[in-house]
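**Student:** If you scroll down you'll find the structure; I have some questions about it.
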Amino acid sequence: MRPPRGLKTFEFAMMAPALTVLFVLSWVPFVVLVAMSFAKVRTLGGVSLTFTGADNWSAVLGDGSIWASWARSLVYFVAIVGLEMALGLAVALVLHQLVRARSVVLSVVLLPMFLAPVLVGLLGRFMLDSTIGLYAKILQAVGLGDDLLASPSTALPTIVSIDVWQWTPLVALILLAGLTAVPPSTLEAATVDGAGYFRTLVAIILPQMKPIILVALLVRSMDAIRYFDIVVATTNGGPADATKIIPIKLYEFAFRFNNQLGKAAVLGLTMLVFSIVMARIFLRFFGDRPSVPAGDGGDRG
């Protein structure tokens, strides 16, 4: 039965102010960003746009340094998302098996995610300092180098490690919620049938956790694409551009290199496209609902 037409009108009228604010806060900046990508932006004496066609797009897409930054961003993206998902699942499985002191262990595990990313970056930079850093002294003692952030070959893996240390607890918390939602009767049936722990995990637990895994992937992938704080606090894109990922490049275009806001807008739009593409890929593989075994939800005679 459909609700009365007047009720629909009343509901829409009540939602109209919020929808208007949402439209202004989301679509208007997006339209302005698209316009900026096709114009030369001047900020002296007020913001003004001079239409330049596709000059900004051709300049950005034809810049080899930008493609190199995209390559580093892709490595960074795959590394932190892959490591955080794998380690987060492992931590969640361990916490799920705990019977006593789970809340205490969980509180300790979650501590890094409550720190500001800038603080985490500064802490990592201090601990890895070649003169006073504790971790640097330990690395020197075992012969693994003295300053990981100063070497082009180790700077990016070090930043990845710092990011993984901070945000793996968030993934673990999300996946732990998914583990607690798996019906115990399903696990008991698998145990009765003689399925081992690994087979139960792969065949029963993980398929039923697909929506939760999708949430964790989307949360961390969106952060990984636009991550900025830790990189600036540790290396600022160096050494020798080894950690200059796309957000750092966008910042340089917008605020350091003569305010090239048009090129920065192009980079912002390409980051948006990349985010949408990755979200669609994750939805394709993890967006389907878990299948219901025959007899669990069917009609009973």
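We label chains A, B, ... in the order they appear in the structure tokens, count residues from 1 in each chain, and number ligands from 1 in the order shown.
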Contacts of region 36-43 of chain A at 9 Å or less, counting only C-alpha atoms, minus same-chain residues fewer than 2 places along, as a JSON list (two decimals) with N, CA, C and O atoms, in the first residue's frame?

**Tutor:**
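The resulting file, selection-v6.json, is shown below:
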```
[["chain", "number", "residue", "atom", "x", "y", "z"],
["A", 31, "VAL", "N", 31.94, 21.12, -9.08],
["A", 31, "VAL", "CA", 31.81, 21.87, -10.33],
["A", 31, "VAL", "C", 32.91, 22.91, -10.44],
["A", 31, "VAL", "O", 33.52, 23.11, -11.51],
["A", 32, "VAL", "N", 33.21, 23.59, -9.33],
["A", 32, "VAL", "CA", 34.28, 24.59, -9.33],
["A", 32, "VAL", "C", 35.62, 23.92, -9.63],
["A", 32, "VAL", "O", 36.46, 24.44, -10.37],
["A", 33, "LEU", "N", 35.85, 22.74, -9.06],
["A", 33, "LEU", "CA", 37.10, 22.01, -9.29],
["A", 33, "LEU", "C", 37.24, 21.64, -10.76],
["A", 33, "LEU", "O", 38.33, 21.77, -11.35],
["A", 34, "VAL", "N", 36.17, 21.19, -11.37],
["A", 34, "VAL", "CA", 36.22, 20.86, -12.81],
["A", 34, "VAL", "C", 36.51, 22.11, -13.62],
["A", 34, "VAL", "O", 37.32, 22.08, -14.57],
["A", 45, "GLY", "N", 44.23, 39.66, -5.75],
["A", 45, "GLY", "CA", 43.12, 40.57, -5.99],
["A", 45, "GLY", "C", 41.80, 39.88, -6.16],
["A", 45, "GLY", "O", 40.89, 40.43, -6.79],
["A", 46, "GLY", "N", 41.66, 38.67, -5.63],
["A", 46, "GLY", "CA", 40.42, 37.91, -5.79],
["A", 46, "GLY", "C", 40.62, 36.76, -6.77],
["A", 46, "GLY", "O", 41.46, 36.82, -7.67],
["A", 47, "VAL", "N", 39.86, 35.73, -6.59],
["A", 47, "VAL", "CA", 39.98, 34.54, -7.44],
["A", 47, "VAL", "C", 39.36, 34.82, -8.80],
["A", 47, "VAL", "O", 38.24, 35.32, -8.90],
["A", 48, "SER", "N", 40.12, 34.50, -9.86],
["A", 48, "SER", "CA", 39.61, 34.65, -11.22],
["A", 48, "SER", "C", 40.07, 33.47, -12.05],
["A", 48, "SER", "O", 41.17, 32.94, -11.86],
["A", 49, "LEU", "N", 39.23, 33.05, -12.98],
["A", 49, "LEU", "CA", 39.52, 31.91, -13.86],
["A", 49, "LEU", "C", 39.62, 32.39, -15.30],
["A", 49, "LEU", "O", 38.74, 33.10, -15.78],
["A", 50, "THR", "N", 40.70, 32.00, -15.96],
["A", 50, "THR", "CA", 40.88, 32.29, -17.39],
["A", 50, "THR", "C", 40.89, 30.97, -18.14],
["A", 50, "THR", "O", 41.79, 30.14, -17.94],
["A", 51, "PHE", "N", 39.90, 30.76, -18.99],
["A", 51, "PHE", "CA", 39.76, 29.49, -19.68],
["A", 51, "PHE", "C", 40.96, 29.23, -20.58],
["A", 51, "PHE", "O", 41.34, 30.07, -21.40],
["A", 52, "THR", "N", 41.57, 28.05, -20.42],
["A", 52, "THR", "CA", 42.74, 27.67, -21.22],
["A", 52, "THR", "C", 42.54, 26.35, -21.96],
["A", 52, "THR", "O", 43.51, 25.78, -22.47],
["A", 53, "GLY", "N", 41.33, 25.85, -22.00],
["A", 53, "GLY", "CA", 41.08, 24.59, -22.68],
["A", 53, "GLY", "C", 41.65, 23.42, -21.89],
["A", 53, "GLY", "O", 41.58, 23.36, -20.66],
["A", 54, "ALA", "N", 42.27, 22.51, -22.63],
["A", 54, "ALA", "CA", 42.82, 21.30, -22.01],
["A", 54, "ALA", "C", 44.30, 21.42, -21.72],
["A", 54, "ALA", "O", 44.99, 20.41, -21.58],
["A", 55, "ASP", "N", 44.81, 22.65, -21.59],
["A", 55, "ASP", "CA", 46.25, 22.84, -21.36],
["A", 55, "ASP", "C", 46.69, 22.19, -20.04],
["A", 55, "ASP", "O", 47.75, 21.54, -20.00],
["A", 56, "ASN", "N", 45.91, 22.37, -18.99],
["A", 56, "ASN", "CA", 46.28, 21.78, -17.71],
["A", 56, "ASN", "C", 46.30, 20.25, -17.79],
["A", 56, "ASN", "O", 47.21, 19.59, -17.26],
["A", 57, "TRP", "N", 45.32, 19.70, -18.46],
["A", 57, "TRP", "CA", 45.24, 18.25, -18.59],
["A", 57, "TRP", "C", 46.42, 17.70, -19.40],
["A", 57, "TRP", "O", 47.04, 16.71, -19.01],
["A", 259, "ASN", "N", 51.47, 28.60, -7.25],
["A", 259, "ASN", "CA", 50.00, 28.44, -7.17],
["A", 259, "ASN", "C", 49.40, 27.94, -8.48],
["A", 259, "ASN", "O", 48.50, 28.56, -9.05],
["A", 260, "GLN", "N", 49.86, 26.82, -8.96],
["A", 260, "GLN", "CA", 49.31, 26.22, -10.18],
["A", 260, "GLN", "C", 48.06, 25.41, -9.81],
["A", 260, "GLN", "O", 48.04, 24.18, -9.88],
["A", 261, "LEU", "N", 47.03, 26.15, -9.44],
["A", 261, "LEU", "CA", 45.82, 25.51, -8.94],
["A", 261, "LEU", "C", 45.09, 24.73, -10.03],
["A", 261, "LEU", "O", 44.37, 23.78, -9.73],
["A", 262, "GLY", "N", 45.25, 25.13, -11.28],
["A", 262, "GLY", "CA", 44.62, 24.39, -12.36],
["A", 262, "GLY", "C", 45.16, 22.98, -12.46],
["A", 262, "GLY", "O", 44.40, 22.00, -12.59],
["A", 263, "LYS", "N", 46.49, 22.84, -12.39],
["A", 263, "LYS", "CA", 47.09, 21.51, -12.42],
["A", 263, "LYS", "C", 46.75, 20.73, -11.16],
["A", 263, "LYS", "O", 46.55, 19.51, -11.21],
["A", 264, "ALA", "N", 46.69, 21.42, -10.03],
["A", 264, "ALA", "CA", 46.29, 20.75, -8.80],
["A", 264, "ALA", "C", 44.87, 20.20, -8.91],
["A", 264, "ALA", "O", 44.57, 19.10, -8.42],
["A", 265, "ALA", "N", 43.99, 20.96, -9.57],
["A", 265, "ALA", "CA", 42.62, 20.49, -9.77],
["A", 265, "ALA", "C", 42.59, 19.24, -10.64],
["A", 265, "ALA", "O", 41.82, 18.31, -10.39],
["A", 266, "VAL", "N", 43.44, 19.20, -11.66],
["A", 266, "VAL", "CA", 43.52, 18.01, -12.51],
["A", 266, "VAL", "C", 43.96, 16.80, -11.69],
["A", 266, "VAL", "O", 43.38, 15.71, -11.80],
["A", 267, "LEU", "N", 44.98, 16.99, -10.87],
["A", 267, "LEU", "CA", 45.44, 15.88, -10.03],
["A", 267, "LEU", "C", 44.35, 15.43, -9.06],
["A", 267, "LEU", "O", 44.17, 14.23, -8.82],
["A", 269, "LEU", "N", 41.13, 15.57, -9.54],
["A", 269, "LEU", "CA", 40.13, 14.81, -10.29],
["A", 269, "LEU", "C", 40.63, 13.42, -10.67],
["A", 269, "LEU", "O", 39.87, 12.45, -10.65]]
```

**Student:** Can you check which residues of region 38-108 of chain A DSSP gives as strand (DSSP E) on the backbone and send them as a list of chain:residue names?

**Tutor:**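 Output for region 38-108 of chain A, strand (DSSP E) only: A:Ala39, A:Lys40, A:Val41, A:Arg42, A:Ser48, A:Leu49, A:Thr50, A:Phe51.
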
**Student:** Pull N, CA and C atoms from the residues just selected and write them as a PDB file, in the first residue's frame.

**Tutor:**
```pdb
ATOM      1  N   ALA A  39      41.191  25.900 -16.598  1.00  0.00           N
ATOM      2  CA  ALA A  39      41.444  27.336 -16.547  1.00  0.00           C
ATOM      3  C   ALA A  39      42.755  27.622 -15.828  1.00  0.00           C
ATOM      4  N   LYS A  40      43.229  28.828 -16.033  1.00  0.00           N
ATOM      5  CA  LYS A  40      44.349  29.331 -15.264  1.00  0.00           C
ATOM      6  C   LYS A  40      43.769  30.130 -14.112  1.00  0.00           C
ATOM      7  N   VAL A  41      44.149  29.762 -12.901  1.00  0.00           N
ATOM      8  CA  VAL A  41      43.550  30.342 -11.704  1.00  0.00           C
ATOM      9  C   VAL A  41      44.475  31.411 -11.147  1.00  0.00           C
ATOM     10  N   ARG A  42      43.931  32.585 -10.943  1.00  0.00           N
ATOM     11  CA  ARG A  42      44.660  33.687 -10.306  1.00  0.00           C
ATOM     12  C   ARG A  42      44.019  33.991  -8.969  1.00  0.00           C
ATOM     13  N   SER A  48      40.118  34.496  -9.856  1.00  0.00           N
ATOM     14  CA  SER A  48      39.614  34.650 -11.222  1.00  0.00           C
ATOM     15  C   SER A  48      40.074  33.468 -12.055  1.00  0.00           C
ATOM     16  N   LEU A  49      39.226  33.046 -12.984  1.00  0.00           N
ATOM     17  CA  LEU A  49      39.517  31.911 -13.864  1.00  0.00           C
ATOM     18  C   LEU A  49      39.617  32.392 -15.300  1.00  0.00           C
ATOM     19  N   THR A  50      40.699  31.998 -15.962  1.00  0.00           N
ATOM     20  CA  THR A  50      40.880  32.292 -17.387  1.00  0.00           C
ATOM     21  C   THR A  50      40.893  30.966 -18.135  1.00  0.00           C
ATOM     22  N   PHE A  51      39.904  30.763 -18.990  1.00  0.00           N
ATOM     23  CA  PHE A  51      39.765  29.489 -19.684  1.00  0.00           C
ATOM     24  C   PHE A  51      40.965  29.228 -20.583  1.00  0.00           C
TER      25      PHE A  51
END
```

**Student:** Please identify all polymer residues within 7 Å of region 160-162 of chain A, counting only C-alpha atoms, omitting same-chain residues fewer than 6 positions from it, and present them as a PyMOL selection string.

**Tutor:** chain A and resi 76+80+124

**Student:** Keeping only N, CA and C atoms, write the selected residues to a file as a PDB file, in the first residue's frame.

**Tutor:**
```
ATOM      1  N   TYR A  76      52.593   2.266  -2.826  1.00  0.00           N
ATOM      2  CA  TYR A  76      52.188   2.623  -1.469  1.00  0.00           C
ATOM      3  C   TYR A  76      50.787   2.092  -1.172  1.00  0.00           C
ATOM      4  N   ILE A  80      50.185  -0.844   1.734  1.00  0.00           N
ATOM      5  CA  ILE A  80      49.533  -0.604   3.019  1.00  0.00           C
ATOM      6  C   ILE A  80      48.169  -1.284   3.092  1.00  0.00           C
ATOM      7  N   GLY A 124      57.885   8.656  14.521  1.00  0.00           N
ATOM      8  CA  GLY A 124      58.717   7.788  13.702  1.00  0.00           C
ATOM      9  C   GLY A 124      60.003   8.464  13.273  1.00  0.00           C
TER      10      GLY A 124
END
```

**Student:** State, in Å with one decimal place, the distance from CA of Ala279 (chain A) to CA of Leu218 (chain A).

**Tutor:**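 Pair CA of Ala279 (chain A) / CA of Leu218 (chain A) returns 6.6 Å.
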
**Student:** What's the 10 Å shell around Leu170 (chain A), counting only C-alpha atoms, without same-chain residues fewer than 4 positions away, as a list of chain:residue names?

**Tutor:**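 Close residues of Leu170 (chain A): A:Glu84, A:Met85, A:Gly88, A:Val109, A:Leu110, A:Leu111, A:Pro112, A:Met113, A:Phe114, A:Gln166, A:Ile174, A:Leu175, A:Leu176, A:Ala216, A:Val219, A:Arg220.
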
**Student:** Convert the current residue selection to file output with N, CA and C atoms, as a short mmCIF file (atom, residue, chain, number, x, y, z; two decimals), in the first residue's frame.

**Tutor:**
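Wrote it out as part_27.cif, contents follow:
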```cif
data_model
loop_
_atom_site.label_atom_id
_atom_site.label_comp_id
_atom_site.auth_asym_id
_atom_site.auth_seq_id
_atom_site.Cartn_x
_atom_site.Cartn_y
_atom_site.Cartn_z
N GLU A 84 47.80 -4.20 5.79
CA GLU A 84 46.85 -3.92 6.86
C GLU A 84 45.69 -4.90 6.87
N MET A 85 45.25 -5.33 5.70
CA MET A 85 44.17 -6.32 5.65
C MET A 85 44.65 -7.66 6.18
N GLY A 88 45.55 -7.18 9.94
CA GLY A 88 44.32 -6.92 10.66
C GLY A 88 43.48 -8.17 10.84
N VAL A 109 45.86 -2.89 21.81
CA VAL A 109 46.04 -2.99 20.36
C VAL A 109 45.54 -1.74 19.66
N LEU A 110 44.48 -1.15 20.17
CA LEU A 110 43.86 -0.01 19.48
C LEU A 110 44.55 1.32 19.76
N LEU A 111 45.51 1.36 20.66
CA LEU A 111 46.15 2.62 21.03
C LEU A 111 46.72 3.40 19.85
N PRO A 112 47.44 2.78 18.90
CA PRO A 112 48.05 3.58 17.82
C PRO A 112 47.05 4.37 16.98
N MET A 113 45.85 3.84 16.77
CA MET A 113 44.90 4.52 15.90
C MET A 113 44.31 5.78 16.53
N PHE A 114 44.50 5.96 17.83
CA PHE A 114 43.99 7.16 18.49
C PHE A 114 44.98 8.31 18.44
N GLN A 166 50.05 2.15 12.54
CA GLN A 166 48.98 2.98 13.09
C GLN A 166 47.59 2.45 12.75
N ILE A 174 37.40 -3.62 12.80
CA ILE A 174 36.30 -3.83 11.87
C ILE A 174 36.08 -5.31 11.61
N LEU A 175 37.18 -6.05 11.36
CA LEU A 175 37.06 -7.48 11.06
C LEU A 175 36.64 -8.27 12.29
N LEU A 176 37.05 -7.81 13.47
CA LEU A 176 36.61 -8.49 14.70
C LEU A 176 35.09 -8.39 14.85
N ALA A 216 36.13 -2.52 5.41
CA ALA A 216 37.52 -2.27 5.79
C ALA A 216 38.36 -1.86 4.58
N VAL A 219 37.41 1.79 3.56
CA VAL A 219 37.90 2.78 4.52
C VAL A 219 39.40 3.01 4.35
N ARG A 220 40.16 1.93 4.29
CA ARG A 220 41.60 2.08 4.21
C ARG A 220 42.07 2.50 2.81
#
```

**Student:** What lies within 12 Å of region 199-209 of chain A using only C-alpha atoms, ignoring chain neighbours under 6 positions off, as number ranges by chain?

**Tutor:** A: 89-90, 93, 174-193, 215-216, 285-293

**Student:** Out of region 140-180 of chain A, which residues get helix (DSSP H, G or I) from DSSP, as a PyMOL selection string?

**Tutor:** chain A and resi 140-142+148-150+155-180

**Student:** What are the nearest atom pairs, with distances in Å to one decimal, for all residues of region 99-216 of chain A that come at most 12 Å from region 63-72 of chain A, using only C-alpha atoms, set out by chain and rising residue number as JSON lines?

**Tutor:**
```
{"residue": "A:Pro152", "atom": "CA", "partner": "A:Arg72", "partner_atom": "CA", "distance": 11.9}
{"residue": "A:Ala155", "atom": "CA", "partner": "A:Arg72", "partner_atom": "CA", "distance": 11.6}
{"residue": "A:Leu156", "atom": "CA", "partner": "A:Arg72", "partner_atom": "CA", "distance": 8.5}
{"residue": "A:Pro157", "atom": "CA", "partner": "A:Arg72", "partner_atom": "CA", "distance": 10.9}
{"residue": "A:Val160", "atom": "CA", "partner": "A:Arg72", "partner_atom": "CA", "distance": 11.4}
```

**Student:** Please produce an output containing C-alpha atoms for each residue in the selection, written as a CSV table (one decimal), in the first residue's frame.

**Tutor:**
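Written file, out31.csv:
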```
chain,number,residue,atom,x,y,z
A,152,PRO,CA,65.8,6.4,-1.3
A,155,ALA,CA,62.3,5.6,2.8
A,156,LEU,CA,59.0,4.4,1.2
A,157,PRO,CA,59.0,1.0,3.0
A,160,VAL,CA,54.6,2.1,4.8
```

**Student:** Give the answer as one residue: which of A:Val60, A:Met15, A:Leu149, A:Ala233 has the shortest atom-to-atom distance to Gly268 (chain A), using only C-alpha atoms?

**Tutor:**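 Between A:Val60, A:Met15, A:Leu149, A:Ala233, the residue approaching Gly268 (chain A) most closely is A:Val60.
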
**Student:** What does the distance from CA of Val171 (chain A) to CA of Ile159 (chain A) come to in Å, to one decimal?

**Tutor:**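 For CA of Val171 (chain A) relative to CA of Ile159 (chain A), the distance reads 18.1 Å.
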
**Student:** Do a neighbour search on Val118 (chain A) at 10 Å with only C-alpha atoms, toss out local chain neighbours closer than 6 positions, and write the hits as a PyMOL selection string.

**Tutor:** chain A and resi 124+228-234
